[in-house]
Protein chains: 2
Amino acid sequence: MQEVVFQTLADPTRFRIIEALRGGERAVGDIVGAVDIHQSGVSRHLRLLQEAGFVKVRPDGQKRLYSLRPEPFREVDEWVNRYRSLWEARLDKFAEELARRQRARVSKNKEKDT
Amino acid sequence: MQEVVFQTLADPTRFRIIEALRGGERAVGDIVGAVDIHQSGVSRHLRLLQEAGFVKVRPDGQKRLYSLRPEPFREVDEWVNRYRSLWEARLDKFAEELARRQRARVSKNKEKDT
DNA sequence: CAAATATATGCGTTTGAATGTATATACACC
DNA sequence: GGTGTATATACATTCAAACGCATATATTTG
């Protein structure tokens, strides 16, 4: 676990940018509309997010479309799993969680933005 | 998801303190030996960790024994699960993961400190 | 080429967080 | 009560990171 992952997530604006990118790729201008700082700040945050592996970018005319990359999320998942025994001693509960997610999958198209 | 969780994890020293507490409750002095800052700094970090819900404390004579609390780890787990579709589209893989963990459970007593 | 749009970057400022030193508080033991 | 040990806190300092402003770079359109 590289601590840069948590350091990246610690900033409220970057956190909001990541949330904004959950719905798919977005242009910088769209992201600026979703957070409350200046465009230059958003560009800087996007560069940091890119350096930390959270986002990739794709040119589209004069726009640049940013989207999420899976790696850092995997890292967070693996890290927190090392602490799973703290609250989930029995693997039965893990099976229950599997069932819960299978049910959730059915209504997947409805949740769109939680 | 409260961003205070990630802000707490972002500091390298706090991160190491949390790792040191994986093995169970520890006195402040033991933790000081595990990180490379002054005792006063460790006490401050422990206060922040307590305020963020990561640790609880139990008096034991003149010592104070700190240990991990599950809640913030649950929060991280729930948060990252919202992004799970990024890297794990098919639930079959989740079932595979379940099987992997069940196998891991068998050799649970050996892993001790990963 | 000129103008408009979209994004990135250089620069200086500000602010919050981490740190060490010194000291205070709490407990144990004699 | 006095001494030693363990932990917490007040205070001042330092430093990194976020920010806005201004400007540079790239792309489209006319």
# chains A, B, ... in the order shown; residues from 1 in each chain; ligands from 1
call {"tool": "residues_around", "arguments": {"residues": "His45 of chain A", "least_positions_apart": "6", "cutoff": "9 Å", "atoms": "only C-alpha atoms (C1' of nucleotides)", "output": "JSON, numbers by chain"}}
result
{"A": [13, 14, 17]}
call {"tool": "closest_atom_pairs", "arguments": {"of": "chain C", "to": "chain A", "cutoff": "12 Å", "atoms": "only C-alpha atoms (C1' of nucleotides)", "output": "JSON lines"}}
result
{"residue": "C:DA4", "atom": "C1'", "partner": "A:Gln62", "partner_atom": "CA", "distance": 11.7}
{"residue": "C:DT5", "atom": "C1'", "partner": "A:Gln62", "partner_atom": "CA", "distance": 7.8}
{"residue": "C:DA6", "atom": "C1'", "partner": "A:Gln62", "partner_atom": "CA", "distance": 5.6}
{"residue": "C:DT7", "atom": "C1'", "partner": "A:Ser43", "partner_atom": "CA", "distance": 7.3}
{"residue": "C:DA8", "atom": "C1'", "partner": "A:Ser43", "partner_atom": "CA", "distance": 6.7}
{"residue": "C:DT9", "atom": "C1'", "partner": "A:Ser40", "partner_atom": "CA", "distance": 8.5}
{"residue": "C:DG10", "atom": "C1'", "partner": "A:Ser40", "partner_atom": "CA", "distance": 11.5}
call {"tool": "write_last_selection", "arguments": {"atoms": "C-alpha atoms (C1' of nucleotides)", "output": "PDB file, in the first residue's frame"}}
result
ATOM      1  C1'  DA C   4     -12.629  32.141 -29.352  1.00  0.00           C
ATOM      2  C1'  DT C   5     -12.587  28.171 -26.447  1.00  0.00           C
ATOM      3  C1'  DA C   6     -10.370  24.706 -23.415  1.00  0.00           C
ATOM      4  C1'  DT C   7      -6.779  23.386 -20.525  1.00  0.00           C
ATOM      5  C1'  DA C   8      -2.184  23.734 -18.310  1.00  0.00           C
ATOM      6  C1'  DT C   9       1.414  26.133 -15.761  1.00  0.00           C
ATOM      7  C1'  DG C  10       4.445  29.761 -13.441  1.00  0.00           C
TER       8       DG C  10
END
call {"tool": "atom_distance", "arguments": {"atom1": "atom C1' of DT27 of chain D", "atom2": "atom CA of Val35 of chain A"}}
result
25.0 Å
call {"tool": "residues_around", "arguments": {"residues": "Ser67 of chain A", "least_positions_apart": "5", "cutoff": "12 Å", "atoms": "only C-alpha atoms (C1' of nucleotides)", "output": "ChimeraX atom specification"}}
result
/A:17-28,31,46,49-50,53-59 /B:86
call {"tool": "interface_residues", "arguments": {"of": "chain A", "to": "chain B", "cutoff": "8 Å", "atoms": "only C-alpha atoms", "output": "PDB file with N, CA and C atoms, in the first residue's frame"}}
result
ATOM      1  N   GLU A   3       1.275   5.044   0.470  1.00  0.00           N
ATOM      2  CA  GLU A   3       0.494   6.039   1.200  1.00  0.00           C
ATOM      3  C   GLU A   3       0.006   7.170   0.312  1.00  0.00           C
ATOM      4  N   VAL A   4       0.607   7.280  -0.879  1.00  0.00           N
ATOM      5  CA  VAL A   4       0.174   8.336  -1.787  1.00  0.00           C
ATOM      6  C   VAL A   4      -1.308   8.194  -2.131  1.00  0.00           C
ATOM      7  N   VAL A   5      -1.800   6.970  -2.088  1.00  0.00           N
ATOM      8  CA  VAL A   5      -3.207   6.742  -2.403  1.00  0.00           C
ATOM      9  C   VAL A   5      -4.094   7.468  -1.390  1.00  0.00           C
ATOM     10  N   PHE A   6      -3.820   7.292  -0.119  1.00  0.00           N
ATOM     11  CA  PHE A   6      -4.630   7.958   0.902  1.00  0.00           C
ATOM     12  C   PHE A   6      -4.394   9.463   0.929  1.00  0.00           C
ATOM     13  N   GLN A   7      -3.151   9.851   0.653  1.00  0.00           N
ATOM     14  CA  GLN A   7      -2.878  11.284   0.605  1.00  0.00           C
ATOM     15  C   GLN A   7      -3.663  11.941  -0.522  1.00  0.00           C
ATOM     16  N   THR A   8      -3.813  11.216  -1.621  1.00  0.00           N
ATOM     17  CA  THR A   8      -4.580  11.753  -2.736  1.00  0.00           C
ATOM     18  C   THR A   8      -6.056  11.876  -2.377  1.00  0.00           C
ATOM     19  N   LEU A   9      -6.572  10.878  -1.685  1.00  0.00           N
ATOM     20  CA  LEU A   9      -7.988  10.884  -1.328  1.00  0.00           C
ATOM     21  C   LEU A   9      -8.302  11.869  -0.211  1.00  0.00           C
ATOM     22  N   ALA A  10      -7.278  12.330   0.495  1.00  0.00           N
ATOM     23  CA  ALA A  10      -7.504  13.157   1.677  1.00  0.00           C
ATOM     24  C   ALA A  10      -8.021  14.554   1.331  1.00  0.00           C
ATOM     25  N   ASP A  11      -7.684  15.032   0.157  1.00  0.00           N
ATOM     26  CA  ASP A  11      -8.122  16.377  -0.198  1.00  0.00           C
ATOM     27  C   ASP A  11      -9.594  16.384  -0.616  1.00  0.00           C
ATOM     28  N   PRO A  12     -10.391  17.257  -0.020  1.00  0.00           N
ATOM     29  CA  PRO A  12     -11.834  17.275  -0.299  1.00  0.00           C
ATOM     30  C   PRO A  12     -12.160  17.523  -1.769  1.00  0.00           C
ATOM     31  N   PHE A  15     -11.367  14.470  -3.766  1.00  0.00           N
ATOM     32  CA  PHE A  15     -12.386  13.470  -3.460  1.00  0.00           C
ATOM     33  C   PHE A  15     -13.648  13.727  -4.277  1.00  0.00           C
ATOM     34  N   ARG A  22     -17.164   9.126 -11.262  1.00  0.00           N
ATOM     35  CA  ARG A  22     -17.800   7.812 -11.144  1.00  0.00           C
ATOM     36  C   ARG A  22     -18.724   7.538 -12.317  1.00  0.00           C
ATOM     37  N   LEU A  68     -11.620   7.435 -14.571  1.00  0.00           N
ATOM     38  CA  LEU A  68     -10.974   6.726 -13.467  1.00  0.00           C
ATOM     39  C   LEU A  68     -10.221   5.494 -13.932  1.00  0.00           C
ATOM     40  N   ARG A  69      -9.162   5.181 -13.222  1.00  0.00           N
ATOM     41  CA  ARG A  69      -8.418   3.948 -13.419  1.00  0.00           C
ATOM     42  C   ARG A  69      -8.643   3.053 -12.201  1.00  0.00           C
ATOM     43  N   PRO A  70      -8.621   1.748 -12.370  1.00  0.00           N
ATOM     44  CA  PRO A  70      -9.000   0.855 -11.266  1.00  0.00           C
ATOM     45  C   PRO A  70      -7.910   0.638 -10.216  1.00  0.00           C
ATOM     46  N   GLU A  71      -6.650   0.775 -10.583  1.00  0.00           N
ATOM     47  CA  GLU A  71      -5.563   0.318  -9.706  1.00  0.00           C
ATOM     48  C   GLU A  71      -5.623   0.846  -8.277  1.00  0.00           C
ATOM     49  N   PHE A  73      -7.991   1.901  -6.506  1.00  0.00           N
ATOM     50  CA  PHE A  73      -9.149   1.366  -5.787  1.00  0.00           C
ATOM     51  C   PHE A  73      -8.891  -0.074  -5.363  1.00  0.00           C
ATOM     52  N   ARG A  74      -8.234  -0.811  -6.250  1.00  0.00           N
ATOM     53  CA  ARG A  74      -7.840  -2.161  -5.866  1.00  0.00           C
ATOM     54  C   ARG A  74      -6.921  -2.132  -4.653  1.00  0.00           C
ATOM     55  N   VAL A  76      -6.728   0.103  -2.280  1.00  0.00           N
ATOM     56  CA  VAL A  76      -7.501   0.406  -1.073  1.00  0.00           C
ATOM     57  C   VAL A  76      -8.262  -0.827  -0.618  1.00  0.00           C
ATOM     58  N   ASP A  77      -8.840  -1.513  -1.574  1.00  0.00           N
ATOM     59  CA  ASP A  77      -9.603  -2.716  -1.233  1.00  0.00           C
ATOM     60  C   ASP A  77      -8.703  -3.762  -0.578  1.00  0.00           C
ATOM     61  N   VAL A  80      -7.699  -2.587   3.025  1.00  0.00           N
ATOM     62  CA  VAL A  80      -8.738  -2.686   4.054  1.00  0.00           C
ATOM     63  C   VAL A  80      -9.069  -4.140   4.353  1.00  0.00           C
ATOM     64  N   ASN A  81      -8.850  -4.999   3.381  1.00  0.00           N
ATOM     65  CA  ASN A  81      -9.097  -6.423   3.625  1.00  0.00           C
ATOM     66  C   ASN A  81      -8.140  -6.990   4.670  1.00  0.00           C
ATOM     67  N   TYR A  83      -7.527  -5.663   7.296  1.00  0.00           N
ATOM     68  CA  TYR A  83      -8.108  -5.321   8.596  1.00  0.00           C
ATOM     69  C   TYR A  83      -9.512  -5.892   8.748  1.00  0.00           C
ATOM     70  N   ARG A  84      -9.909  -6.706   7.785  1.00  0.00           N
ATOM     71  CA  ARG A  84     -11.291  -7.193   7.776  1.00  0.00           C
ATOM     72  C   ARG A  84     -11.628  -7.984   9.028  1.00  0.00           C
ATOM     73  N   LEU A  86     -11.116  -7.366  11.847  1.00  0.00           N
ATOM     74  CA  LEU A  86     -11.538  -6.483  12.932  1.00  0.00           C
ATOM     75  C   LEU A  86     -13.045  -6.522  13.153  1.00  0.00           C
ATOM     76  N   TRP A  87     -13.762  -6.593  12.049  1.00  0.00           N
ATOM     77  CA  TRP A  87     -15.212  -6.486  12.187  1.00  0.00           C
ATOM     78  C   TRP A  87     -15.971  -7.655  11.564  1.00  0.00           C
ATOM     79  N   LEU A  91     -16.432 -16.020   8.020  1.00  0.00           N
ATOM     80  CA  LEU A  91     -16.543 -15.905   6.571  1.00  0.00           C
ATOM     81  C   LEU A  91     -17.969 -16.076   6.091  1.00  0.00           C
ATOM     82  N   PHE A  94     -19.210 -13.033   4.875  1.00  0.00           N
ATOM     83  CA  PHE A  94     -18.728 -12.694   3.549  1.00  0.00           C
ATOM     84  C   PHE A  94     -19.647 -13.303   2.496  1.00  0.00           C
ATOM     85  N   ALA A  95     -20.099 -14.503   2.751  1.00  0.00           N
ATOM     86  CA  ALA A  95     -21.045 -15.144   1.841  1.00  0.00           C
ATOM     87  C   ALA A  95     -22.352 -14.359   1.778  1.00  0.00           C
ATOM     88  N   LEU A  98     -21.899 -11.510  -0.426  1.00  0.00           N
ATOM     89  CA  LEU A  98     -21.973 -11.920  -1.821  1.00  0.00           C
ATOM     90  C   LEU A  98     -23.421 -11.966  -2.290  1.00  0.00           C
ATOM     91  N   GLN A 102     -25.329  -9.742  -5.164  1.00  0.00           N
ATOM     92  CA  GLN A 102     -26.024 -10.350  -6.298  1.00  0.00           C
ATOM     93  C   GLN A 102     -27.428  -9.773  -6.434  1.00  0.00           C
TER      94      GLN A 102
END
call {"tool": "interface_residues", "arguments": {"of": "chain D", "to": "chain A", "cutoff": "12 Å", "atoms": "only C-alpha atoms (C1' of nucleotides)", "output": "PyMOL selection string"}}
result
chain D and resi 17-23+25-29
call {"tool": "residues_around", "arguments": {"residues": "DC15 of chain D", "least_positions_apart": "2", "cutoff": "10 Å", "atoms": "only C-alpha atoms (C1' of nucleotides)", "output": "list in words"}}
result
DA17 and DA18 of chain C; DT13 and DA17 of chain D
call {"tool": "atom_distance", "arguments": {"atom1": "atom C1' of DT25 of chain C", "atom2": "atom CA of Glu51 of chain B"}}
result
20.8 Å
call {"tool": "select_by_dssp", "arguments": {"residues": "segment 2-106 of chain B", "states": "strand (DSSP E)", "output": "list of chain:residue names"}}
result
B:Arg26, B:Ala27, B:Val55, B:Lys56, B:Val57, B:Arg58, B:Pro59, B:Asp60, B:Lys63, B:Arg64, B:Leu65, B:Tyr66, B:Ser67, B:Leu68
call {"tool": "atom_distance", "arguments": {"atom1": "atom C1' of DT15 of chain C", "atom2": "atom CA of Leu48 of chain B"}}
result
19.4 Å
